[in-house]
Amino acid sequence: MKLTTTLMASSALVMASTSAFADGHMASEMTIVSWGGAYSASQQAAYHDPYSEMAGVTIINDESSAEAVAKLRAMNEAGNVTWDVVDVVASDAIRLCDEGLALEIDADTQLADGDDGSKASDDFGDLLVSDCFIPQIVYSTTAGYRTDLVGDTPPTSICALFDTDTYPGMRSLEKRPINNMEWALLCDGVAKEDVYDVLETKEGQAQAFAKLDTIKDSVVWWSAGADTPQLLADGEVVMGTTYNGRLFALIEEQKQPVGMLWDAQVFDLDGWIIPTGLSPEREARALDYVKFATDTQRLADQAKYISYGPARASSAPLVGKHATLGIDMAQHMPTDPENAKNTFLYNYEWWADYRDDLDAKFQAWLSQ
Amino acid sequence: MTATDLKGAVPTPNLTGFTMPITAALGAFFGLLAGQATGAGAFFGLLSGAVVGAVLAYILVTLVPYKTGRWAAIAVMAIVGFAFGGKIGIVVGLLAGAVMGWCAYWLHTGRYRASVPPYATAGQVLWHNTFKLICGLILFFLIAPIVIIIPLSFNAQDFFTFTPEMLALDPAGFSLKHYQDFFTNDDWLRPLKNSVIIAPFATIISVSLGTLAAIGLSQSHVPFRRAIMAILISPMIVPLIISATGMFFFYSQMGLFLENTFGMSKSLSGYIKVILAHAALGIPFVIITVTATLVGFDNSLTRAAANMGATPATTFFRVQMPLILPGVISGALFAFITSFDEVVVVLFVGAAAQKTLPWQMFTGLREQISPTILAVATILVVLSILLLTTVELLRRRSERLRGMSPG
């Protein structure tokens with residue numbers, strides 16, 4: 001008897017809750033894929049919240065940008081693309097575009113003009129590195145160090161990473177060849193403009209690995225952007241590389257004893273793509289969102305929450321103060337003239353050609 | 001046998017040759033740890049720990065009766081700890097005092113021989129106690145990683161770090177903000193809601209199908225029993241990532257079918273996909289636990305019920321089900337935990353709208369190492385303990401009611 005009651009009660013529950021969550025999501029909704037953490041929070045505040053208020057759309061956040069390429073391939077194969085707008089780094093956008101997984105965008109007709117009247121294609125300029133890529137921010141990979149562990153002479157050059165005599169202790173580097181190979185050559189006396197020419201040769205690659213060999217025993221390898229901040233906060237590493245926004249949060253928001261090295265920072269781009277294979281009404285909504293989220297004011301707004309530089313030239317003058325800390329954000333942008341005295345330009349095309357080869361060599365070197 | 005019984009049976013061990021050295025060694029171990037932690041030097045710690053241990057053992061066993069002695073040791077060590085290491089020193093001192101005081105009496109009263117026969121040689125006694133120590137260490141290594149997250153979840157900082165304030169037991173080093181974040185942040189509440197929707201439904205499906213399958217497979221007349229059993233158990237044996245990849249393609253098609261044919265919303269079909277996938281993962285656990293209880297089930301009971309005119313369904317619900325209920329419940333628990341803990345399959349099959357707690361913890365860990373994950377983990381650990389305790393108490397109660405156990 002009791003069991004029957006239980007069964008009946010639970011099946012009633014099944015019915016009730018099924019209908020409950022069927023009704024709850026009848027409104028139009030879109031899934032936006034991004035990186036999570038403080039970065040997603042900044043997008044939420046600058047783009048998602050104003051857009052859902054304006055358009056009455058429910059926005060669901062998926063934090064899968066790290067595996068966006070693989071997942072989009074699988075979704076496309078299964079004929080079931082569940083993402084509407086995806087935030088990816090420029091190199092991933094180029095790959096997705098080449099494979100036909102991302103929608104081609106005509107910047108001048110499908111994106112908003114700049115507030116200063118410039119055409120979108122002029123406003124974004126060189127940052128439109130692919131036909132499918134809608135640039136959003138300029139970020140940089142750079143190094144941070146524990147101010148209390150580096151002695152009286154804090155590092156001023158990226159080569160401090162390789163200087164274990166002056167700065168003994170562990171350092172954290174990203175577990176991939178990109179950036180590390182370039183820095184190794186720079187610190188081994190190769191001129192900045194020659195780096196990619198040297199890296200093309202076998203000898204040049206050997207030279208870079210030899211330089212990395214000198215610190216291999218004192219390196220913690222990271223793969224997620226949150227690793228280096230955690231390691232620095234723990235004092236487990238003396239210095240480490242990560243994205244400039246992570247270091248900003250660590251220093252200004254978390255008040256950790258950490259300093260920042262802008263020297264030889266490597267610029268990279270992050271932005272939106274829209275997957276192919278969406279139904280017409282979803283695609284229209286995605287385009288509408290992207291047009292809204294990459295206009296001059298919205299890009300400048302994002303800089304209130306995170307220290308990444310807006311991708312539009314017309315947004316730069318509008319960058320103001322941090323939303324909660326009240327700090328003037330312009331000086332924390334990687335593109336600020338003071339910070340950009342010595343920058344390194346990441347070469348997309350070169351890496352597109354050499355990435356697979358160097359990835360394999362790097363992994364082999366790691367396991368030696 | 002109690003300690004007093006043994007006093008006559010076992011000769012009191014040699015104080016200077018046995019009790020004092022061993023307690024001193026234990027003290028040296030604590031001293032070593034304390035010396036390293038406070039920066040006083042490992043060797044200094046080792047030495048002073050040994051001296052404290054030897055002196056403590058001598059004073060306790062010669063001068064002080066048991067109960068007073070235990071408390072006295074704890075109090076003295078706490079004061080010593082405070083002198084060296086401040087507030088956290090008290091905690092360490094309390095622990096060291098309790099262990100060393102216990103050890104001195106344990107050795108001196110001869111209770112260390114209590115669980116071996118009187119004729120055991122010194123070697124056998126040593127092995128017996130070493131064996132107990134190894135068992136204790138194994139339990140420690142199983143539990144310690146789970147316990148360590150609990151204090152960290154009260155961190156006032158946003159990192160997985162024991163800050164100096166926390167180690168000094170300074171209230172400013174602790175906060176409930178990560179718990180507050182969990183209960184107010186939509187990024188965590190939505191996954192919580194999803195987990196609470198998905199896990200029970202997956203459990204209900206797994207339990208119904210798994211129990212039926214187990215009963216069917218326990219009948220001797222079913223053909224290809226072993227082959228069918230192997231297929232049903234396979235989700236448990238095949239690496240999860242492989243099941244997940246297969247499920248991704250299978251359920252994508254099924255989702256499209258549900259949406260196009262029945263006009264379901266994407267979100268509803270998403271839930272159905274994840275629930276079915278989790279049910280498939282949970283079924284093997286139910287089959288195994290129910291099959292195990294069916295081994296002890298007397299089939300003449302069902303025949304007796306049939307003989308008295310009960311239909312098969314009545315027989316099942318009134319006779320068989322109550323008897324195999326413990327197996328069904330533990331299977332249900334496993335199925336529930338499988339679904340509640342599962343991250344691989346839901347990453348493949350689910351869309352962002354079905355993001356579950358483990359999924360959110362996984363992405364949180366990668367993108368933003370925030371102690372909110374630890375707060376959630378602590379809540380889950382506490383919930384699991386409560387759940388398992390309740391089930392165990394219920395089981396004991398029902399056994400007592402049915403007179404199956406003397407308790």
# chains A, B, ... in the order shown; residues from 1 in each chain; ligands from 1

$ residues_around --residues "range 231-245 of chain A" --least-positions-apart "2" --cutoff "9 Å" --atoms "only C-alpha atoms" --output "count of residues only"
54

$ select_by_dssp --residues "range 86-328 of chain A" --states "strand (DSSP E)" --output "PyMOL selection string"
chain A and resi 86-89+134-146+171-174+219-222+239-243+258-273+309-310

$ residues_around --residues "Ser279 in chain A" --least-positions-apart "6" --cutoff "12 Å" --atoms "only C-alpha atoms" --output "PyMOL selection string"
chain A and resi 79-84+285-286

$ atom_distance --atom1 "CA of Arg190 in chain B" --atom2 "CA of Asp62 in chain A"
12.2 Å

$ interface_residues --of "chain B" --to "chain A" --cutoff "6 Å" --atoms "only C-alpha atoms" --output "PDB file with C-alpha atoms, in the first residue's frame"
ATOM      1  CA  THR B 161      45.450  29.059   0.318  1.00  0.00           C
ATOM      2  CA  PHE B 249      25.848  11.466 -31.218  1.00  0.00           C
ATOM      3  CA  LEU B 268      12.886  20.084 -22.108  1.00  0.00           C
ATOM      4  CA  ALA B 352      24.430  24.942 -21.091  1.00  0.00           C
ATOM      5  CA  ARG B 366      39.604  25.728 -14.551  1.00  0.00           C
ATOM      6  CA  GLU B 367      38.658  29.297 -15.240  1.00  0.00           C
ATOM      7  CA  GLN B 368      38.429  30.878 -11.830  1.00  0.00           C
ATOM      8  CA  ILE B 369      39.895  29.060  -8.855  1.00  0.00           C
TER       9      ILE B 369
END

$ closest_residue --among "A:Gln363, A:Thr324, A:Gln302, A:Asn339" --to "Ala45 in chain A" --atoms "only C-alpha atoms"
A:Gln302

$ select_by_dssp --residues "range 42-159 of chain A" --states "alpha helix (DSSP H)" --output "PDB file with N, CA and C atoms, in the first residue's frame"
ATOM      1  N   SER A  42      32.414  40.300 -16.742  1.00  0.00           N
ATOM      2  CA  SER A  42      32.489  41.620 -17.377  1.00  0.00           C
ATOM      3  C   SER A  42      31.564  41.690 -18.594  1.00  0.00           C
ATOM      4  N   GLN A  43      31.469  40.562 -19.310  1.00  0.00           N
ATOM      5  CA  GLN A  43      30.563  40.549 -20.470  1.00  0.00           C
ATOM      6  C   GLN A  43      29.109  40.594 -20.023  1.00  0.00           C
ATOM      7  N   ASP A  49      23.438  41.824 -19.799  1.00  0.00           N
ATOM      8  CA  ASP A  49      22.352  42.431 -19.028  1.00  0.00           C
ATOM      9  C   ASP A  49      21.626  43.513 -19.817  1.00  0.00           C
ATOM     10  N   PRO A  50      22.368  44.486 -20.401  1.00  0.00           N
ATOM     11  CA  PRO A  50      21.647  45.495 -21.187  1.00  0.00           C
ATOM     12  C   PRO A  50      20.907  44.892 -22.384  1.00  0.00           C
ATOM     13  N   TYR A  51      21.500  43.877 -23.005  1.00  0.00           N
ATOM     14  CA  TYR A  51      20.839  43.312 -24.189  1.00  0.00           C
ATOM     15  C   TYR A  51      19.580  42.556 -23.815  1.00  0.00           C
ATOM     16  N   SER A  52      19.643  41.736 -22.757  1.00  0.00           N
ATOM     17  CA  SER A  52      18.426  40.981 -22.443  1.00  0.00           C
ATOM     18  C   SER A  52      17.326  41.915 -21.963  1.00  0.00           C
ATOM     19  N   GLU A  53      17.714  43.011 -21.338  1.00  0.00           N
ATOM     20  CA  GLU A  53      16.698  43.975 -20.925  1.00  0.00           C
ATOM     21  C   GLU A  53      16.057  44.635 -22.151  1.00  0.00           C
ATOM     22  N   MET A  54      16.908  44.954 -23.121  1.00  0.00           N
ATOM     23  CA  MET A  54      16.424  45.652 -24.315  1.00  0.00           C
ATOM     24  C   MET A  54      15.588  44.727 -25.192  1.00  0.00           C
ATOM     25  N   ALA A  55      16.090  43.483 -25.409  1.00  0.00           N
ATOM     26  CA  ALA A  55      15.445  42.612 -26.392  1.00  0.00           C
ATOM     27  C   ALA A  55      14.543  41.566 -25.756  1.00  0.00           C
ATOM     28  N   ALA A  68      36.184  25.190 -27.625  1.00  0.00           N
ATOM     29  CA  ALA A  68      35.162  25.592 -28.584  1.00  0.00           C
ATOM     30  C   ALA A  68      35.347  24.923 -29.941  1.00  0.00           C
ATOM     31  N   VAL A  69      36.596  24.833 -30.411  1.00  0.00           N
ATOM     32  CA  VAL A  69      36.813  24.293 -31.754  1.00  0.00           C
ATOM     33  C   VAL A  69      36.351  22.845 -31.812  1.00  0.00           C
ATOM     34  N   ALA A  70      36.798  22.031 -30.838  1.00  0.00           N
ATOM     35  CA  ALA A  70      36.445  20.616 -30.845  1.00  0.00           C
ATOM     36  C   ALA A  70      34.938  20.427 -30.709  1.00  0.00           C
ATOM     37  N   LYS A  71      34.327  21.195 -29.807  1.00  0.00           N
ATOM     38  CA  LYS A  71      32.897  21.008 -29.580  1.00  0.00           C
ATOM     39  C   LYS A  71      32.078  21.445 -30.783  1.00  0.00           C
ATOM     40  N   LEU A  72      32.505  22.544 -31.419  1.00  0.00           N
ATOM     41  CA  LEU A  72      31.749  22.991 -32.589  1.00  0.00           C
ATOM     42  C   LEU A  72      31.847  21.973 -33.717  1.00  0.00           C
ATOM     43  N   ARG A  73      33.022  21.368 -33.866  1.00  0.00           N
ATOM     44  CA  ARG A  73      33.155  20.321 -34.889  1.00  0.00           C
ATOM     45  C   ARG A  73      32.175  19.192 -34.602  1.00  0.00           C
ATOM     46  N   ALA A  74      32.144  18.743 -33.330  1.00  0.00           N
ATOM     47  CA  ALA A  74      31.270  17.626 -32.973  1.00  0.00           C
ATOM     48  C   ALA A  74      29.805  17.992 -33.153  1.00  0.00           C
ATOM     49  N   MET A  75      29.434  19.207 -32.743  1.00  0.00           N
ATOM     50  CA  MET A  75      28.038  19.636 -32.875  1.00  0.00           C
ATOM     51  C   MET A  75      27.634  19.696 -34.336  1.00  0.00           C
ATOM     52  N   ASN A  76      28.565  20.184 -35.141  1.00  0.00           N
ATOM     53  CA  ASN A  76      28.266  20.302 -36.551  1.00  0.00           C
ATOM     54  C   ASN A  76      28.059  18.928 -37.182  1.00  0.00           C
ATOM     55  N   GLU A  77      28.895  17.972 -36.767  1.00  0.00           N
ATOM     56  CA  GLU A  77      28.775  16.619 -37.290  1.00  0.00           C
ATOM     57  C   GLU A  77      27.459  15.994 -36.868  1.00  0.00           C
ATOM     58  N   ALA A  78      27.056  16.267 -35.633  1.00  0.00           N
ATOM     59  CA  ALA A  78      25.820  15.686 -35.123  1.00  0.00           C
ATOM     60  C   ALA A  78      24.598  16.465 -35.608  1.00  0.00           C
ATOM     61  N   ALA A  90      41.532  34.857 -31.559  1.00  0.00           N
ATOM     62  CA  ALA A  90      41.588  35.062 -32.999  1.00  0.00           C
ATOM     63  C   ALA A  90      42.058  33.819 -33.739  1.00  0.00           C
ATOM     64  N   SER A  91      43.061  33.110 -33.176  1.00  0.00           N
ATOM     65  CA  SER A  91      43.590  31.960 -33.915  1.00  0.00           C
ATOM     66  C   SER A  91      42.533  30.865 -34.066  1.00  0.00           C
ATOM     67  N   ASP A  92      41.692  30.685 -33.043  1.00  0.00           N
ATOM     68  CA  ASP A  92      40.611  29.703 -33.161  1.00  0.00           C
ATOM     69  C   ASP A  92      39.580  30.161 -34.193  1.00  0.00           C
ATOM     70  N   ALA A  93      39.326  31.454 -34.211  1.00  0.00           N
ATOM     71  CA  ALA A  93      38.361  31.980 -35.180  1.00  0.00           C
ATOM     72  C   ALA A  93      38.840  31.696 -36.600  1.00  0.00           C
ATOM     73  N   ILE A  94      40.137  31.854 -36.820  1.00  0.00           N
ATOM     74  CA  ILE A  94      40.681  31.603 -38.157  1.00  0.00           C
ATOM     75  C   ILE A  94      40.489  30.141 -38.536  1.00  0.00           C
ATOM     76  N   ARG A  95      40.757  29.246 -37.573  1.00  0.00           N
ATOM     77  CA  ARG A  95      40.575  27.820 -37.860  1.00  0.00           C
ATOM     78  C   ARG A  95      39.119  27.513 -38.157  1.00  0.00           C
ATOM     79  N   LEU A  96      38.210  28.020 -37.316  1.00  0.00           N
ATOM     80  CA  LEU A  96      36.785  27.728 -37.494  1.00  0.00           C
ATOM     81  C   LEU A  96      36.289  28.263 -38.826  1.00  0.00           C
ATOM     82  N   CYS A  97      36.804  29.434 -39.195  1.00  0.00           N
ATOM     83  CA  CYS A  97      36.385  30.049 -40.460  1.00  0.00           C
ATOM     84  C   CYS A  97      36.851  29.191 -41.632  1.00  0.00           C
ATOM     85  N   ASP A  98      38.110  28.727 -41.547  1.00  0.00           N
ATOM     86  CA  ASP A  98      38.646  27.889 -42.627  1.00  0.00           C
ATOM     87  C   ASP A  98      37.845  26.611 -42.784  1.00  0.00           C
ATOM     88  N   ALA A 107      31.720  43.329 -42.123  1.00  0.00           N
ATOM     89  CA  ALA A 107      31.798  44.285 -41.017  1.00  0.00           C
ATOM     90  C   ALA A 107      30.978  45.544 -41.285  1.00  0.00           C
ATOM     91  N   ASP A 108      31.075  46.098 -42.489  1.00  0.00           N
ATOM     92  CA  ASP A 108      30.445  47.395 -42.734  1.00  0.00           C
ATOM     93  C   ASP A 108      28.925  47.332 -42.744  1.00  0.00           C
ATOM     94  N   THR A 109      28.348  46.213 -43.203  1.00  0.00           N
ATOM     95  CA  THR A 109      26.892  46.159 -43.242  1.00  0.00           C
ATOM     96  C   THR A 109      26.308  45.495 -42.003  1.00  0.00           C
ATOM     97  N   GLN A 110      27.059  44.579 -41.380  1.00  0.00           N
ATOM     98  CA  GLN A 110      26.454  43.813 -40.292  1.00  0.00           C
ATOM     99  C   GLN A 110      26.871  44.268 -38.899  1.00  0.00           C
ATOM    100  N   ALA A 120      32.745  50.512 -39.707  1.00  0.00           N
ATOM    101  CA  ALA A 120      33.210  49.462 -38.795  1.00  0.00           C
ATOM    102  C   ALA A 120      34.555  48.907 -39.239  1.00  0.00           C
ATOM    103  N   SER A 121      34.735  48.722 -40.548  1.00  0.00           N
ATOM    104  CA  SER A 121      35.978  48.108 -41.013  1.00  0.00           C
ATOM    105  C   SER A 121      37.176  49.006 -40.722  1.00  0.00           C
ATOM    106  N   ASP A 122      36.964  50.343 -40.755  1.00  0.00           N
ATOM    107  CA  ASP A 122      38.065  51.245 -40.412  1.00  0.00           C
ATOM    108  C   ASP A 122      38.272  51.292 -38.904  1.00  0.00           C
ATOM    109  N   ASP A 123      37.142  51.210 -38.180  1.00  0.00           N
ATOM    110  CA  ASP A 123      37.204  51.333 -36.726  1.00  0.00           C
ATOM    111  C   ASP A 123      37.967  50.151 -36.122  1.00  0.00           C
ATOM    112  N   PHE A 124      37.706  48.958 -36.625  1.00  0.00           N
ATOM    113  CA  PHE A 124      38.433  47.783 -36.124  1.00  0.00           C
ATOM    114  C   PHE A 124      39.818  47.693 -36.769  1.00  0.00           C
TER     115      PHE A 124
END

$ decode --residues "range 138-157 of chain B" --atoms "N, CA and C atoms" --output "short mmCIF file (atom, residue, chain, number, x, y, z; two decimals), in the first residue's frame"
data_model
loop_
_atom_site.label_atom_id
_atom_site.label_comp_id
_atom_site.auth_asym_id
_atom_site.auth_seq_id
_atom_site.Cartn_x
_atom_site.Cartn_y
_atom_site.Cartn_z
N ILE B 138 45.82 4.15 6.22
CA ILE B 138 45.04 4.06 4.98
C ILE B 138 43.77 4.90 5.10
N LEU B 139 43.07 4.74 6.24
CA LEU B 139 41.85 5.53 6.43
C LEU B 139 42.20 7.02 6.40
N PHE B 140 43.33 7.38 7.03
CA PHE B 140 43.74 8.78 7.07
C PHE B 140 43.94 9.33 5.66
N PHE B 141 44.64 8.56 4.82
CA PHE B 141 44.90 9.05 3.47
C PHE B 141 43.64 9.11 2.62
N LEU B 142 42.64 8.29 2.98
CA LEU B 142 41.37 8.38 2.25
C LEU B 142 40.59 9.62 2.66
N ILE B 143 40.65 9.94 3.94
CA ILE B 143 39.79 10.99 4.47
C ILE B 143 40.45 12.38 4.39
N ALA B 144 41.78 12.43 4.60
CA ALA B 144 42.45 13.73 4.73
C ALA B 144 42.16 14.70 3.58
N PRO B 145 42.22 14.24 2.29
CA PRO B 145 41.98 15.19 1.22
C PRO B 145 40.58 15.80 1.27
N ILE B 146 39.62 15.03 1.84
CA ILE B 146 38.26 15.56 1.92
C ILE B 146 38.15 16.53 3.08
N VAL B 147 38.83 16.18 4.19
CA VAL B 147 38.73 17.03 5.37
C VAL B 147 39.41 18.38 5.14
N ILE B 148 40.50 18.39 4.38
CA ILE B 148 41.28 19.60 4.21
C ILE B 148 40.47 20.70 3.52
N ILE B 149 39.49 20.32 2.71
CA ILE B 149 38.73 21.35 2.00
C ILE B 149 37.79 22.10 2.93
N ILE B 150 37.45 21.48 4.06
CA ILE B 150 36.44 22.12 4.92
C ILE B 150 36.96 23.44 5.50
N PRO B 151 38.14 23.47 6.18
CA PRO B 151 38.62 24.78 6.65
C PRO B 151 38.89 25.75 5.50
N LEU B 152 39.39 25.24 4.37
CA LEU B 152 39.70 26.14 3.25
C LEU B 152 38.46 26.83 2.72
N SER B 153 37.28 26.17 2.87
CA SER B 153 36.07 26.78 2.32
C SER B 153 35.64 28.00 3.13
N PHE B 154 36.21 28.18 4.33
CA PHE B 154 35.88 29.36 5.13
C PHE B 154 36.91 30.46 4.96
N ASN B 155 37.75 30.33 3.92
CA ASN B 155 38.80 31.30 3.64
C ASN B 155 38.19 32.68 3.36
N ALA B 156 38.83 33.72 3.92
CA ALA B 156 38.35 35.07 3.63
C ALA B 156 38.90 35.57 2.30
N GLN B 157 39.90 34.86 1.77
CA GLN B 157 40.47 35.28 0.49
C GLN B 157 39.91 34.44 -0.65
#
